[in-house]
Number of protein chains: 2
Amino acid sequence: MKTRDQGSALRKAPHFAPLYRQVRALLVQRIARGRWRPGELIPSEIQIAAELGVSQGTVRKALDEMTVENLLVRQQGRGTFVAQHDEARILFQFFKIVPDAGEPVFPESDLRSCLEAPADAAEAGHLGVKTGAPAIRIARVRSLAGRPVISEYICVSAALFPGMAADGALPNNLYAYYADRYGVTIAGGRERIKALPAAPEDAALLGLPAAAPVLLIDRVATALDGAPVEWRRSYCATEACSYLSILR
Amino acid sequence: MKTRDQGSALRKAPHFAPLYRQVRALLVQRIARGRWRPGELIPSEIQIAAELGVSQGTVRKALDEMTVENLLVRQQGRGTFVAQHDEARILFQFFKIVPDAGEPVFPESDLRSCLEAPADAAEAGHLGVKTGAPAIRIARVRSLAGRPVISEYICVSAALFPGMAADGALPNNLYAYYADRYGVTIAGGRERIKALPAAPEDAALLGLPAAAPVLLIDRVATALDGAPVEWRRSYCATEACSYLSILR
DNA sequence: CAGTGGTCTAGACCACGTC
DNA sequence: ACGTGGTCTAGACCACTGT
């Protein structure tokens with residue numbers, strides 16, 4: 001067994017995909033299926049390596065990739081944990097509106113409505129469901145330092161989140177709610193940003209003059225497997241704050 | 001020498017910073033100082049390892065990090081190259097405006113002016129120079145598919161780019177020009193985005209009604225060492241295009 | 001064919017956190 | 001003292017690119 005072998009449990013089929021990617025895929029699947037929940041400690045590198053019959057270095061490479069993708073958090077001396085959607089983390093990963101003066105903070109939310117309705121064509125297209133499939137529509141206003149800054153419209157598939165429309169107490173941090181209550185982890189997304197005149201309703205909610213310029217952030221958020229989960233449109237007043245993007 | 005030693009050429013001083021980071025820092029410095037130019041092939045892992053007296057694995061870890069940071073491009077069987085600011089690469093890294101319909105394309109540019117002037121307080125603050133220091137101001141209009149879409153104001157330090165104001169033929173791709181002509185590699189940056197009414201001048205340039213909403217993209221771009229190099233404000237008409245941001 | 005990066009392994013030591 | 005992740009090394013084989 002010294003010099004090469006490679007006939008381990010994994011690594012047999014038409015050997016596309018390197019071993020560490022197969023390990024990674026397996027671990028992602030376990031997280032997605034709830035075997036380990038957000039915040040939980042997963043087995044050590046050595047244990048995983050022994051279980052799968054690969055070397056520690058291969059497991060490490062898989063874990064390193066997942067750490068870069070914000071799926072895991074590693075702590076020397078303690079172990080490796082499944083990433084959580086706590087506010088501090090979400091602040092930079094998903095909430096990029098920062099005040100022009102002062103520190104970034106997580107916004108407060110004021111829920112306006114949460115209703116179930118058949119998905120229209122646009123909603124169905126973004127969520128990857130059939131037109132007319134049951135959907136949940138949420139409207140809320142988010143504030144920074146007590147000032148309303150964002151009017152937000154969110155749509156998800158009711159099939160993925162049964163009973164959510166009836167929940168009278170939707171929390172501020174929705175992504176943590178998706179994860180804790182439904183085992184749906186938001187892992188990434190895509191945002192398209194435009195400038196346009198505020199609709200009358202949004203202008204009123206944000207305390208702006210009619211047709212004042214607002215930032216539209218049109219987001220589709222995706223789960224661990226890349227499937228679309230949420231379509232969100234945020235109309236944002238940017239008098240005293242900005243959307244922050246880091247280039248590298 | 002078999003079991004541990006670690007007294008190589010590097011790795012002596014108060015051993016903060018792991019070896020592979022020291023290797024990385026050295027290689028970044030060499031690129032920054034022009035020892036290897038963009039597009040050029042750098043020595044193989046084995047050669048670098050031998051030169052520095054470290055193992056191939058350590059060099060590899062340094063090169064891998066630099067590849068993730070878009071400083072290097074690796075090609076199996078060929079070698080490792082210093083990254084270039086070619087249009088295809090810049091398209092996703094620095095130019096995030098994409099048409100709502102059709103493929104992303106690199107914009108054409110129409111230079112309006114390029115003048116040297118003393119930096120005002122705002123310019124000096126963004127560029128890290130003293131107020132009144134010589135600066136170069138560029139104004140241009142950028143178009144997609146023949147339609148003017150962005151009115152852009154750029155400011156750099158004249159000390160970093162001597163003679164640039166006199167160059168009558170500034171190219172479309174400024175970051176490639178900075179690199180080729182002055183050895184200044186733009187490696188990252190930070191953008192703050194707002195929605196606001198277009199100034200009369202910009203509205204005219206973009207063919208918009210007075211005070212129509214435009215996207216302001218306020219960017220500070222930084223060199224390999226993290227020093228600010230360019231301050232750029234792009235006023236963007238987003239009727240038929242959007243700023244695209246990928247979350248992960 | 002030789003040379004390059006890509007993958008995988010095995011084992012050593014280090015730094016940190018916990019008991 | 002023990003277990004965890006973090007670093008470093010050494011060497012094997014694989015896959016690709018050039019000659």
# chains A, B, ... in the order shown; residues from 1 in each chain; ligands from 1

$ select_by_dssp --residues "range 95-142 of chain A" --states "alpha helix (DSSP H)" --output "ChimeraX atom specification"
/A:121-127

$ closest_atom_pairs --of "chain B" --to "chain C" --cutoff "9 Å" --atoms "only C-alpha atoms (C1' of nucleotides)" --output "Markdown table"
| residue | atom | partner | partner_atom | distance |
| --- | --- | --- | --- | --- |
| B:Thr3 | CA | C:DA12 | C1' | 6.5 |
| B:Arg4 | CA | C:DA12 | C1' | 6.8 |
| B:Ser44 | CA | C:DT4 | C1' | 7.2 |
| B:Glu45 | CA | C:DG5 | C1' | 8.4 |
| B:Arg74 | CA | C:DG5 | C1' | 7.4 |
| B:Gln75 | CA | C:DG5 | C1' | 6.6 |
| B:Gln76 | CA | C:DG5 | C1' | 4.4 |
| B:Gly77 | CA | C:DT4 | C1' | 4.3 |
| B:Arg78 | CA | C:DT4 | C1' | 5.5 |
| B:Gly79 | CA | C:DT4 | C1' | 5.5 |
| B:Thr80 | CA | C:DG5 | C1' | 8.2 |

$ select_by_dssp --residues "range 86-201 of chain A" --states "strand (DSSP E)" --output "ChimeraX atom specification"
/A:97-99,108-118,134-144,147-157,186-197

$ interface_residues --of "chain A" --to "chain B" --cutoff "6 Å" --atoms "only C-alpha atoms" --output "JSON, numbers by chain"
{"A": [188, 189, 190, 191, 192, 193, 194, 195, 196, 213, 214, 215, 238, 242, 243, 244, 245, 246, 247, 248]}

$ write_last_selection --atoms "C-alpha atoms" --output "PDB file, in the first residue's frame"
ATOM      1  CA  GLY A 188     -25.364  32.335  -2.638  1.00  0.00           C
ATOM      2  CA  GLY A 189     -27.192  34.489  -5.078  1.00  0.00           C
ATOM      3  CA  ARG A 190     -27.126  37.060  -7.856  1.00  0.00           C
ATOM      4  CA  GLU A 191     -28.170  40.700  -7.662  1.00  0.00           C
ATOM      5  CA  ARG A 192     -29.045  43.090 -10.483  1.00  0.00           C
ATOM      6  CA  ILE A 193     -29.018  46.725  -9.451  1.00  0.00           C
ATOM      7  CA  LYS A 194     -30.720  49.667 -11.124  1.00  0.00           C
ATOM      8  CA  ALA A 195     -31.628  53.271 -10.375  1.00  0.00           C
ATOM      9  CA  LEU A 196     -35.238  54.258 -10.935  1.00  0.00           C
ATOM     10  CA  PRO A 213     -34.520  58.130  -7.281  1.00  0.00           C
ATOM     11  CA  VAL A 214     -34.169  54.814  -5.449  1.00  0.00           C
ATOM     12  CA  LEU A 215     -31.855  51.857  -5.829  1.00  0.00           C
ATOM     13  CA  THR A 238     -29.604  56.028  -0.647  1.00  0.00           C
ATOM     14  CA  SER A 242     -24.721  53.074  -0.041  1.00  0.00           C
ATOM     15  CA  TYR A 243     -24.512  49.606  -1.517  1.00  0.00           C
ATOM     16  CA  LEU A 244     -20.969  48.439  -0.824  1.00  0.00           C
ATOM     17  CA  SER A 245     -19.160  46.130  -3.237  1.00  0.00           C
ATOM     18  CA  ILE A 246     -15.616  44.893  -2.759  1.00  0.00           C
ATOM     19  CA  LEU A 247     -13.635  44.159  -5.932  1.00  0.00           C
ATOM     20  CA  ARG A 248     -10.738  41.763  -5.912  1.00  0.00           C
TER      21      ARG A 248
END

$ interface_residues --of "chain D" --to "chain B" --cutoff "7 Å" --atoms "only C-alpha atoms (C1' of nucleotides)" --output "PyMOL selection string"
chain D and resi 8-9+16-17

$ atom_distance --atom1 "CA of Val82 in chain B" --atom2 "CA of Ala179 in chain B"
11.7 Å

$ decode --residues "range 78-229 of chain A" --atoms "C-alpha atoms" --output "mmCIF file, in the first residue's frame"
data_model
loop_
_atom_site.group_PDB
_atom_site.id
_atom_site.type_symbol
_atom_site.label_atom_id
_atom_site.label_comp_id
_atom_site.auth_asym_id
_atom_site.auth_seq_id
_atom_site.Cartn_x
_atom_site.Cartn_y
_atom_site.Cartn_z
ATOM 1 C CA ARG A 78 -11.781 23.396 18.545
ATOM 2 C CA GLY A 79 -12.925 21.841 15.301
ATOM 3 C CA THR A 80 -14.952 22.535 12.160
ATOM 4 C CA PHE A 81 -18.493 23.921 12.363
ATOM 5 C CA VAL A 82 -21.326 24.294 9.861
ATOM 6 C CA ALA A 83 -21.689 27.997 9.076
ATOM 7 C CA GLN A 84 -24.611 29.862 10.593
ATOM 8 C CA HIS A 85 -26.644 32.751 9.257
ATOM 9 C CA ASP A 86 -25.977 34.873 12.287
ATOM 10 C CA GLU A 87 -26.339 38.597 11.824
ATOM 11 C CA ALA A 88 -22.645 39.368 11.979
ATOM 12 C CA ARG A 89 -21.952 36.991 9.127
ATOM 13 C CA ILE A 90 -24.933 37.928 6.974
ATOM 14 C CA LEU A 91 -24.026 41.577 7.321
ATOM 15 C CA PHE A 92 -21.183 41.350 4.853
ATOM 16 C CA GLN A 93 -22.290 38.383 2.800
ATOM 17 C CA PHE A 94 -25.889 39.295 1.981
ATOM 18 C CA PHE A 95 -26.680 42.712 3.396
ATOM 19 C CA LYS A 96 -24.424 45.186 1.667
ATOM 20 C CA ILE A 97 -26.155 48.475 2.537
ATOM 21 C CA VAL A 98 -23.871 50.487 4.802
ATOM 22 C CA PRO A 99 -24.357 53.954 6.303
ATOM 23 C CA ASP A 100 -22.148 56.639 4.749
ATOM 24 C CA ALA A 101 -21.139 57.660 8.250
ATOM 25 C CA GLY A 102 -20.689 55.211 11.084
ATOM 26 C CA GLU A 103 -20.414 51.454 11.382
ATOM 27 C CA PRO A 104 -22.401 48.881 9.373
ATOM 28 C CA VAL A 105 -25.372 47.552 11.352
ATOM 29 C CA PHE A 106 -28.090 44.972 10.770
ATOM 30 C CA PRO A 107 -31.407 46.659 9.931
ATOM 31 C CA GLU A 108 -34.662 46.396 11.874
ATOM 32 C CA SER A 109 -37.691 45.087 9.944
ATOM 33 C CA ASP A 110 -41.350 46.083 9.947
ATOM 34 C CA LEU A 111 -43.516 43.377 8.377
ATOM 35 C CA ARG A 112 -46.329 44.793 6.233
ATOM 36 C CA SER A 113 -47.884 41.621 4.858
ATOM 37 C CA CYS A 114 -47.304 37.921 4.294
ATOM 38 C CA LEU A 115 -49.762 36.166 2.003
ATOM 39 C CA GLU A 116 -50.056 33.002 -0.035
ATOM 40 C CA ALA A 117 -51.002 33.430 -3.691
ATOM 41 C CA PRO A 118 -50.500 31.676 -7.048
ATOM 42 C CA ALA A 119 -47.156 32.585 -8.578
ATOM 43 C CA ASP A 120 -47.377 34.913 -11.564
ATOM 44 C CA ALA A 121 -45.203 34.347 -14.598
ATOM 45 C CA ALA A 122 -42.304 36.477 -13.335
ATOM 46 C CA GLU A 123 -42.262 34.856 -9.907
ATOM 47 C CA ALA A 124 -42.491 31.372 -11.381
ATOM 48 C CA GLY A 125 -39.633 32.123 -13.751
ATOM 49 C CA HIS A 126 -37.321 33.324 -10.993
ATOM 50 C CA LEU A 127 -38.163 30.476 -8.612
ATOM 51 C CA GLY A 128 -38.136 27.674 -11.142
ATOM 52 C CA VAL A 129 -41.738 26.621 -10.510
ATOM 53 C CA LYS A 130 -44.843 26.492 -12.719
ATOM 54 C CA THR A 131 -46.981 29.601 -13.158
ATOM 55 C CA GLY A 132 -49.861 29.356 -10.729
ATOM 56 C CA ALA A 133 -47.944 27.198 -8.237
ATOM 57 C CA PRO A 134 -48.505 28.311 -4.641
ATOM 58 C CA ALA A 135 -46.171 31.092 -3.596
ATOM 59 C CA ILE A 136 -45.689 33.241 -0.520
ATOM 60 C CA ARG A 137 -45.363 37.000 -0.865
ATOM 61 C CA ILE A 138 -43.850 39.116 1.868
ATOM 62 C CA ALA A 139 -43.693 42.903 2.017
ATOM 63 C CA ARG A 140 -41.723 44.725 4.679
ATOM 64 C CA VAL A 141 -39.883 47.942 5.431
ATOM 65 C CA ARG A 142 -36.375 47.889 6.833
ATOM 66 C CA SER A 143 -34.838 50.680 8.865
ATOM 67 C CA LEU A 144 -31.370 51.781 9.854
ATOM 68 C CA ALA A 145 -31.049 53.822 13.030
ATOM 69 C CA GLY A 146 -34.827 54.224 13.130
ATOM 70 C CA ARG A 147 -35.089 55.672 9.622
ATOM 71 C CA PRO A 148 -36.953 53.641 6.967
ATOM 72 C CA VAL A 149 -34.476 52.916 4.187
ATOM 73 C CA ILE A 150 -35.647 49.845 2.269
ATOM 74 C CA SER A 151 -39.047 48.747 0.972
ATOM 75 C CA GLU A 152 -38.746 45.081 0.217
ATOM 76 C CA TYR A 153 -40.861 42.509 -1.670
ATOM 77 C CA ILE A 154 -39.974 38.848 -1.203
ATOM 78 C CA CYS A 155 -41.371 35.770 -2.929
ATOM 79 C CA VAL A 156 -40.691 32.095 -2.179
ATOM 80 C CA SER A 157 -42.315 28.832 -3.176
ATOM 81 C CA ALA A 158 -44.972 27.708 -0.674
ATOM 82 C CA ALA A 159 -44.034 24.101 -1.402
ATOM 83 C CA LEU A 160 -40.583 24.682 0.104
ATOM 84 C CA PHE A 161 -41.895 26.595 3.127
ATOM 85 C CA PRO A 162 -45.221 25.022 4.138
ATOM 86 C CA GLY A 163 -47.114 26.970 6.767
ATOM 87 C CA MET A 164 -44.908 30.014 6.551
ATOM 88 C CA ALA A 165 -47.700 32.330 5.404
ATOM 89 C CA ALA A 166 -49.597 31.488 8.596
ATOM 90 C CA ASP A 167 -46.642 32.304 10.844
ATOM 91 C CA GLY A 168 -47.541 35.630 12.356
ATOM 92 C CA ALA A 169 -44.063 36.249 13.715
ATOM 93 C CA LEU A 170 -41.586 36.233 10.869
ATOM 94 C CA PRO A 171 -38.212 37.276 12.232
ATOM 95 C CA ASN A 172 -35.930 40.009 11.062
ATOM 96 C CA ASN A 173 -33.261 37.596 9.849
ATOM 97 C CA LEU A 174 -35.146 35.510 7.272
ATOM 98 C CA TYR A 175 -32.190 33.400 6.139
ATOM 99 C CA ALA A 176 -31.637 32.115 9.660
ATOM 100 C CA TYR A 177 -35.392 31.338 9.770
ATOM 101 C CA TYR A 178 -35.248 29.401 6.481
ATOM 102 C CA ALA A 179 -32.364 27.354 7.887
ATOM 103 C CA ASP A 180 -33.653 26.717 11.413
ATOM 104 C CA ARG A 181 -37.264 26.087 10.594
ATOM 105 C CA TYR A 182 -37.137 24.477 7.144
ATOM 106 C CA GLY A 183 -33.568 23.244 6.787
ATOM 107 C CA VAL A 184 -33.053 25.438 3.716
ATOM 108 C CA THR A 185 -29.603 27.007 3.646
ATOM 109 C CA ILE A 186 -29.131 30.057 1.444
ATOM 110 C CA ALA A 187 -25.625 29.666 0.055
ATOM 111 C CA GLY A 188 -25.364 32.335 -2.638
ATOM 112 C CA GLY A 189 -27.192 34.489 -5.078
ATOM 113 C CA ARG A 190 -27.126 37.060 -7.856
ATOM 114 C CA GLU A 191 -28.170 40.700 -7.662
ATOM 115 C CA ARG A 192 -29.045 43.090 -10.483
ATOM 116 C CA ILE A 193 -29.018 46.725 -9.451
ATOM 117 C CA LYS A 194 -30.720 49.667 -11.124
ATOM 118 C CA ALA A 195 -31.628 53.271 -10.375
ATOM 119 C CA LEU A 196 -35.238 54.258 -10.935
ATOM 120 C CA PRO A 197 -37.961 56.612 -9.720
ATOM 121 C CA ALA A 198 -39.736 55.370 -6.602
ATOM 122 C CA ALA A 199 -43.268 54.059 -7.058
ATOM 123 C CA PRO A 200 -45.820 56.145 -5.102
ATOM 124 C CA GLU A 201 -46.284 53.428 -2.470
ATOM 125 C CA ASP A 202 -42.566 52.978 -1.853
ATOM 126 C CA ALA A 203 -41.918 56.722 -1.807
ATOM 127 C CA ALA A 204 -44.556 57.079 0.901
ATOM 128 C CA LEU A 205 -43.138 54.207 2.941
ATOM 129 C CA LEU A 206 -39.631 55.625 2.757
ATOM 130 C CA GLY A 207 -40.640 59.225 3.356
ATOM 131 C CA LEU A 208 -39.388 60.381 -0.039
ATOM 132 C CA PRO A 209 -40.838 62.892 -2.511
ATOM 133 C CA ALA A 210 -42.808 61.360 -5.381
ATOM 134 C CA ALA A 211 -40.605 59.681 -8.002
ATOM 135 C CA ALA A 212 -37.396 60.305 -6.046
ATOM 136 C CA PRO A 213 -34.520 58.130 -7.281
ATOM 137 C CA VAL A 214 -34.169 54.814 -5.449
ATOM 138 C CA LEU A 215 -31.855 51.857 -5.829
ATOM 139 C CA LEU A 216 -33.550 48.646 -6.946
ATOM 140 C CA ILE A 217 -31.734 45.517 -5.817
ATOM 141 C CA ASP A 218 -33.229 42.529 -7.620
ATOM 142 C CA ARG A 219 -31.945 39.345 -6.003
ATOM 143 C CA VAL A 220 -32.373 35.648 -6.661
ATOM 144 C CA ALA A 221 -30.956 33.667 -3.726
ATOM 145 C CA THR A 222 -29.931 30.038 -4.154
ATOM 146 C CA ALA A 223 -29.621 26.997 -1.885
ATOM 147 C CA LEU A 224 -26.613 24.748 -1.364
ATOM 148 C CA ASP A 225 -27.375 22.833 -4.565
ATOM 149 C CA GLY A 226 -27.712 26.048 -6.574
ATOM 150 C CA ALA A 227 -31.500 25.852 -6.920
ATOM 151 C CA PRO A 228 -33.315 29.233 -6.742
ATOM 152 C CA VAL A 229 -35.167 29.650 -3.438
#
